[in-house]
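Read the structure below first, then the notes.
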Amino acid sequence: MIFIALLTKCNCIPFINTKKALVTIHLVTSSFIFCQECNLKIKGYIIDSNSNSVLKGAVIQIVGKEVNTISNDDGSFLLENLCVSDNELKISHINCDQLIKKIDFSESLNVIIIMNHKVEALDEVIISQRKIISSSTAKIFSLSEIEKDRYSNSGLSGAISQISGVTTLSTGGNISQPVIHGMFGSRVGIIYDGILLENQQWGQDHAPNVDVNAFENIRLIKGSGALRYSGSSPGGVIILESSLPKKIDSLYGKTLINGASNGLGGSLTSSWIKSYENGKYLKAQGTFKTSGDLNTPQYVLSNTGHNEKNLSLSFGSNTDSNNWKLYFSYFNTEIGILKSSHIGNVGDLLIAIENKNPAVIDPFSYDINYPKQSNTHYTTSIDFSKYYDLNNKLSFKYSWQKNNRKEFDIRIGSVKNTAALNLNLDTHNLNTNYEWKNSFARFNSGLFFQIQNNYSTPGTGVKRLIPDYLKTKFGSYITGKIDDNYINFGFGVRYEYNSNDVHKYYRNTRWDAKNYEEILGPYVVDEILSQKLIKKVFVFNTLSINTGVLYKLSENKDLNIQYNYIERAPDIAEMFSDGLHHALASFEYGDPFLKKEKTHKVIINFDKKNGVFKYNLSPFITFGKNYIVIEPSGFEQTIRGAFPVWEFSPYNVFFKGLDLDFSYNFNDYIKFKHNSSYVNGINVDNNEALVGIPPLILNNQLSFYFSNLKKVLISLFSKNVFHQKLFPNNNTVTSIFENGLRVDKIVDVSTPPKGYNDLGVNFSFGPYKMSSFKMNVSLVFDNVLNNNYRNYLNRLRFYSDELGRNVLLQIKINH
Amino acid sequence: MLKNIYFKATLLSIVLLFISCEKSDTPAVENEMEVFTNATIVVTNLADNSSNTYVFEVEGHDHGHDHSVQPQNQGDDDHADHTEIELAANSEYEFAITFQNNSDASNPIDMTAEVIEEADDHHVFYEFAASSSLSYESTTGDTLDSNGNPLNLVTKWTTTTGAVIDVAAYLFHIPTSKVGTTRTDFGGAVDVEIDFEAHIE
């Protein structure tokens with residue numbers, strides 16, 4: 001009806017292309033744009049290419065008209081009521097040369113205009129048409145280049161945790177994964193260049209196998225705001241994107257050199273883009289990282305070295321009628337695990353907790369011995385998109401991810417040098433997407449198909465932690481967003497068929513104890529060495545929905561309400577895990593009868609985007625049904641003593657929380673920024689707190705910019721992490737000899753450590769022009785007071801303190 | 001053109017969607033290589049060379065305890081708790097401890113040989129309440145590591161007066177020290193921990 005009304009109002013005959021006759025919806029949406037005369041819009045952002053930060057106060061004018069606007073504090077601008085002939089923009093800024101640029105303008109556009117400061121090389125201003133608006137009204141948080149580069153030496157999780165509501169779950173100093181609103185692992189989707197990362201994210205000690213330096217943009221949607229890519233991420237999605245290359249004949253890029261005092265390590269990352277005027281480009285990017293043993297203020301963390309080698313290559317073309325891209329990437333990391341965290345039984349864990357300091361403190365070394373992890377991730381992808389006209393785009397994407405994960409333990413005998421875990425995960429994805437849009441609406445719909453094969457290399461001498469399986473997934477989605485001056489409406493629906501053909505060995509003792517014979521008995525295909533092999537297909541059908549409304553309360557204030565309903569098929573790990581966790585001296589078991597997890601989430605954002613005082617206040621609630629939680633369920637006797645058993649179980653859970661961001665600009669030189677995150681998660685069934693929920697965290701940053709003093713930026717950071725007082729009692733008891741007598745001792749694995757305050761300072765200098773390139777230098781001090789503290793969300797917190805002071809010297813060259 | 005491509009794409013996707021994917025290759029069973037399933041102590045009375053063999057065997061099984069905490073050594077089915085080794089007062093015994101991996105009954109692995117091969121990384125320690133009734137030391141037939149430290153695989157036990165003494169026997173992997181009087185002195189990871197009562201009569 002809306003379409004018809006508009007057509008009528010337009011008072012002209014819809015242009016009907018007979019070739020589109022079968023695609024009725026596309027026809028309707030695409031046809032009426034030809035009726036528009038002077039109701040087009042250009043929305044966009046002005047970006048300062050030096051800092052990659054937004055540029056406020058730029059004047060954007062239509063040449064020959066008195067239509068103009070000034071970019072807001074967040075760099076955004078909007079020009080409305082434009083005609084097709086209004087295709088020349090004049091952009092001027094006090095620090096930049098005035099620029100006149102013709103744009104290809106026959107529809108409403110979203111543009112990013114990149115300007116260089118006068119003091120720098122006066123490169124051409126580039127206008128790239130980029131999809132900065134998603135097909136959803138969910139609020140998108142993004143990191144500036146400065147924020148991203150600060151973590152180029154450490155990784156994605158650290159970088160993304162600068163955003164409110166995001167923390168990290170770590171395993172020592174080198175392994176961490178993002179936690180969004182208290183959820184992590186499979187509940188957080190990581191999308192890199194349009195591919196959902198499949199890197200065995202089920203494990204708590206698995207860090208994302210992706211190089212943050214390979215991507216120019218890092219964005220975050222809290223909640224499930226990207227149903228095109230993932231329907232099972234109630235926590236949130238992290239989107240890593242490469243920026244589009246320039247459409248000029250040029251060779252350019254960026255190199256970052258980092259040196260870190262803690263671990264005496266560093267990294268070199270460099271990216272080079274050869275671009276052509278015809279839209280073709282070649283991009284190569286690589287990273288080398290190395291670090292020796294890290295240290296706390298008091299001692300060396302033995303065997304915590306780290307090496308990483310990454311490479312990515314892409315070759316593609318962007319023209320007005322089509323885009324294509326071939327992409328290859330290689331990621332390899334070898335990570336030492338704190339030697340003292342390898343223990344034998346619960347008694348050892350008790351000793352570690354009581355000792356406070358690690359049992360083994362060797363001199364500093366770059367050697368990585370056992371225990372260690374070695375992960376490799378290859379990605380190959382082919383993209384093709386075709387524009388049928390300015391508003392209709394069809395895309396195909398095929399990707400192949402090959403992930404190998406090896407975990408080496410301290411072992412004995414013939415398997416001393418054999419990985420205890422050696423898993424290969426191959427994931428093939430084929431996606432098609434059709435996008436159609438007009439000046440006020442944008443829709444995407446598509447089909448997807450995935451085959452995933454998990455193969456455990458035999459001969460490890462350890463029972464498979466994850467069984468071999470073949471997953472087949474396919475489905476469809478539609479997402480849409482309708483823009484109006486005062487209200488935007490977004491929605492998305494995704495359906496997935498998920499079939500898992502699993503080969504799983506069960507020990508007879510467990511088979512009998514759990515009475516699996518009754519249900520799984522018919523699926524037994526072999527029996528060997530007191531184990532039963534079953535072969536069974538587990539099928540799940542899931543439907544995920546999101547809807548959102550964005551009200552524009554005033555010129556710069558928005559109210560955004562999102563509702564997500566997410567159905568998530570249980571992970572293979574949640575259903576079939578079967579193994580010993582060395583660092584926690586516990587057995588972990590899956591439950592093959594888990595049902596799909598259903599989550600309802602409501603997020604509200606009160607957003608003030610511009611002005612001296614900006615804020616975003618975002619409360620949220622989540623209700624989970626069949627929400628899968630791992631928790632202690634008993635004991636298992638071994639010749640090493642009794643081990644606690646942890647099992648995955650479904651519960652009703654409830655989360656509530658609040659994220660707050662605000663910033664205040666005292667003047668052009670002094671700025672204060674704050675973000676805080678609070679989340680509370682409870683198991684409704686037993687009224688206990690959920691384990692591993694981050695405590696209240698406050699981040700404050702005070703920045704001073706001395707523009708007249710050789711461009712110096714000094715920022716003071718303070719991170720207050722409070723004491724988490726809500727936690728379940730998962731303690732266990734063990735019997736030890738004390739003063740010659742056997743006594744029972746509580747092994748306190750539950751009580752969170754005390755709160756702490758971490759201070760940091762950042763000195764940034766530049767950019768300075770040096771012949772044909774620009775250079776920035778920064779010096780970052782983390783934990784500047786060298787304080788001792790422990791972190792509740794570090795799985796090795798029983799063994800050691802967190803890292804001591806680190807001084808990071810970073811040299812950035814834009815070439 | 002659009003119709004054509006969109007149609008083909010849809011068709012291709014549908015064909016792909018309904019290819020039935022089946023996992024055909026059966027995974028080989030994983031033979032657990034470094035698991036200790038049994039520990040055996042052969043106790044020989046040095047006076048008359050008579051000997052008794054005590055096998056400590058624990059198969060993994062679920063106790064079915066609920067969520068509450070449960071002391072490790074109070075379960076009804078902790079086999080190891082109830083082993084009693086009978087010793088005469090004022091006597092000397094040889095304790096020879098060995099370790100086995102019987103997870104594949106057709107192919108038992110002698111783990112003692114692996115312990116001896118990696119002598120520097122292993123150590124056996126018997127912990128019990130300090131008592132004048134009972135003491136032990138390394139003896140003939142024991143293995144020494146490269147630093148001359150005995151592994152305590154073969155030990156001589158001396159008893160005096162009658163008593164009932166709880167003993168824990170540990171096999172440590174990569175201990176931080178091979179000298180000590182309590183478990184905490186040794187560091188490292190416990191590969192085997194068994195309990196028995198020495199009945200000295």
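Each chain in the structure tokens gets a letter, A, B and so on, in the order shown; residues start at 1 in every chain, and ligands are counted from 1 in the order they appear.
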
Checklist line | Test item: residues at most 10 Å from Tyr93 (chain B), only C-alpha atoms, excluding those fewer than 6 positions along its chain, as a list of chain:residue names | finding: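 Neighbouring residues, sequence-local ones excluded: B:Val42, B:Val43, B:Thr44, B:Asn45, B:Leu46, B:Ala47, B:Asp48, B:Asn49, B:Ser50, B:Ser51, B:Leu87, B:Tyr136, B:Thr155, B:Lys156, B:Trp157, B:Thr158, B:Thr159.
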
Check: Neighbours of region 550-553 of chain A within 10 Å (only C-alpha atoms; same-chain residues fewer than 6 positions away dropped), as a list of chain:residue names?
Finding: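 Skipping anything fewer than 6 positions along the chain leaves A:Ser136, A:Thr137, A:Ala138, A:Lys139, A:Asp483, A:Asp484, A:Asn485, A:Tyr486, A:Ile487, A:Asn488, A:Phe489, A:Gly490, A:Leu559, A:Asn560, A:Ile561, A:Gln562, A:Ile604, A:Asn605, A:Phe606, A:Asp607, A:Lys608.
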
Checklist line | Interface list for chain A, partner chain B, 6 Å threshold, only C-alpha atoms, as a ChimeraX atom specification | finding: /A:343-344,413,461-463,470,509,529,633-642,732-734,740-741

Notebook entry, point to check: Which neighbours of Ser170 (chain A) fall inside 7 Å, counting only C-alpha atoms, when residues of the same chain fewer than 4 positions from it are skipped, and could you give them as a list in words?
Noted result: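 The filter keeps Ile175, Ser176, Gln177, Asp205, Leu793, Asn794 and Arg795 of chain A.
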
For region 330-339 of chain A, please output as a CSV table (one decimal) with C-alpha atoms, in the first residue's frame all residues within 6 Å (counting only C-alpha atoms; exclusion window: fewer than 6 positions along the same chain).
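result-v9.csv was written with the following content:
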```csv
chain,number,residue,atom,x,y,z
A,302,SER,CA,56.9,-19.5,32.5
A,303,ASN,CA,56.0,-20.9,29.1
A,304,THR,CA,53.7,-18.1,28.0
A,305,GLY,CA,55.5,-17.2,24.8
A,306,HIS,CA,53.5,-16.7,21.6
A,307,ASN,CA,54.2,-16.7,17.9
A,308,GLU,CA,51.8,-15.7,15.1
A,309,LYS,CA,52.1,-15.6,11.4
A,310,ASN,CA,49.3,-14.3,9.2
A,311,LEU,CA,48.9,-13.6,5.6
A,368,ILE,CA,57.5,-22.5,23.8
A,371,PRO,CA,51.6,-27.4,27.3
A,372,LYS,CA,50.9,-25.4,24.2
A,373,GLN,CA,48.3,-24.8,21.5
A,374,SER,CA,48.9,-24.5,17.8
A,375,ASN,CA,46.1,-23.3,15.6
A,376,THR,CA,46.0,-22.8,11.8
A,377,HIS,CA,43.1,-21.3,9.9
A,378,TYR,CA,42.9,-21.0,6.1
```

Checklist line | Selection near Asn686 (chain A), 10 Å with only C-alpha atoms, sequence-local residues under 4 positions removed, as a PyMOL selection string | finding: chain A and resi 651-653+682

Next item on the list: Could you give me, as a list of chain:residue names, the residues within 8 Å of region 537-547 of chain A, counting only C-alpha atoms and dropping anything in the same chain fewer than 6 positions from it?
Entry: A:Ser224, A:Gly225, A:Leu227, A:Gly231, A:Ser232, A:Phe489, A:Gly490, A:Phe491, A:Gly492, A:Val493, A:Arg494, A:Tyr495, A:Glu496, A:Tyr497, A:Asn498, A:Ser499, A:Asn500, A:Asp501, A:Val502, A:Gln562, A:Tyr563, A:Asn564, A:Tyr565, A:Ile566, A:Glu567, A:Arg568, A:Ala569, A:Lys596

Could you write out the selected residues, including C-alpha atoms, as a CSV table (one decimal), in the first residue's frame?
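For reference, result.csv as written:
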```
chain,number,residue,atom,x,y,z
A,224,SER,CA,21.5,-10.6,17.1
A,225,GLY,CA,21.5,-7.8,14.5
A,227,LEU,CA,20.6,-12.4,10.6
A,231,GLY,CA,21.1,-16.8,13.4
A,232,SER,CA,22.6,-18.2,16.6
A,489,PHE,CA,11.6,0.1,11.4
A,490,GLY,CA,13.8,-3.0,10.9
A,491,PHE,CA,13.1,-6.7,10.9
A,492,GLY,CA,14.8,-9.9,10.1
A,493,VAL,CA,13.8,-13.6,10.0
A,494,ARG,CA,16.2,-16.5,9.5
A,495,TYR,CA,15.4,-20.2,9.3
A,496,GLU,CA,18.0,-22.9,9.5
A,497,TYR,CA,17.9,-26.6,9.1
A,498,ASN,CA,20.8,-28.1,11.0
A,499,SER,CA,21.7,-31.8,10.7
A,500,ASN,CA,24.6,-33.4,12.5
A,501,ASP,CA,25.7,-36.8,11.6
A,502,VAL,CA,27.8,-37.8,14.6
A,562,GLN,CA,15.3,-4.0,19.6
A,563,TYR,CA,13.8,-7.3,20.2
A,564,ASN,CA,15.6,-10.5,19.2
A,565,TYR,CA,14.3,-14.0,19.4
A,566,ILE,CA,17.1,-16.5,18.8
A,567,GLU,CA,16.9,-20.3,18.5
A,568,ARG,CA,20.3,-21.9,18.7
A,569,ALA,CA,21.0,-25.5,18.0
A,596,LYS,CA,17.5,-26.1,21.0
```

Check: To one decimal place, how far is CA of Met775 (chain A) from CA of Ile813 (chain A) in Å?
Finding: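 These atoms are spaced 4.5 Å apart.
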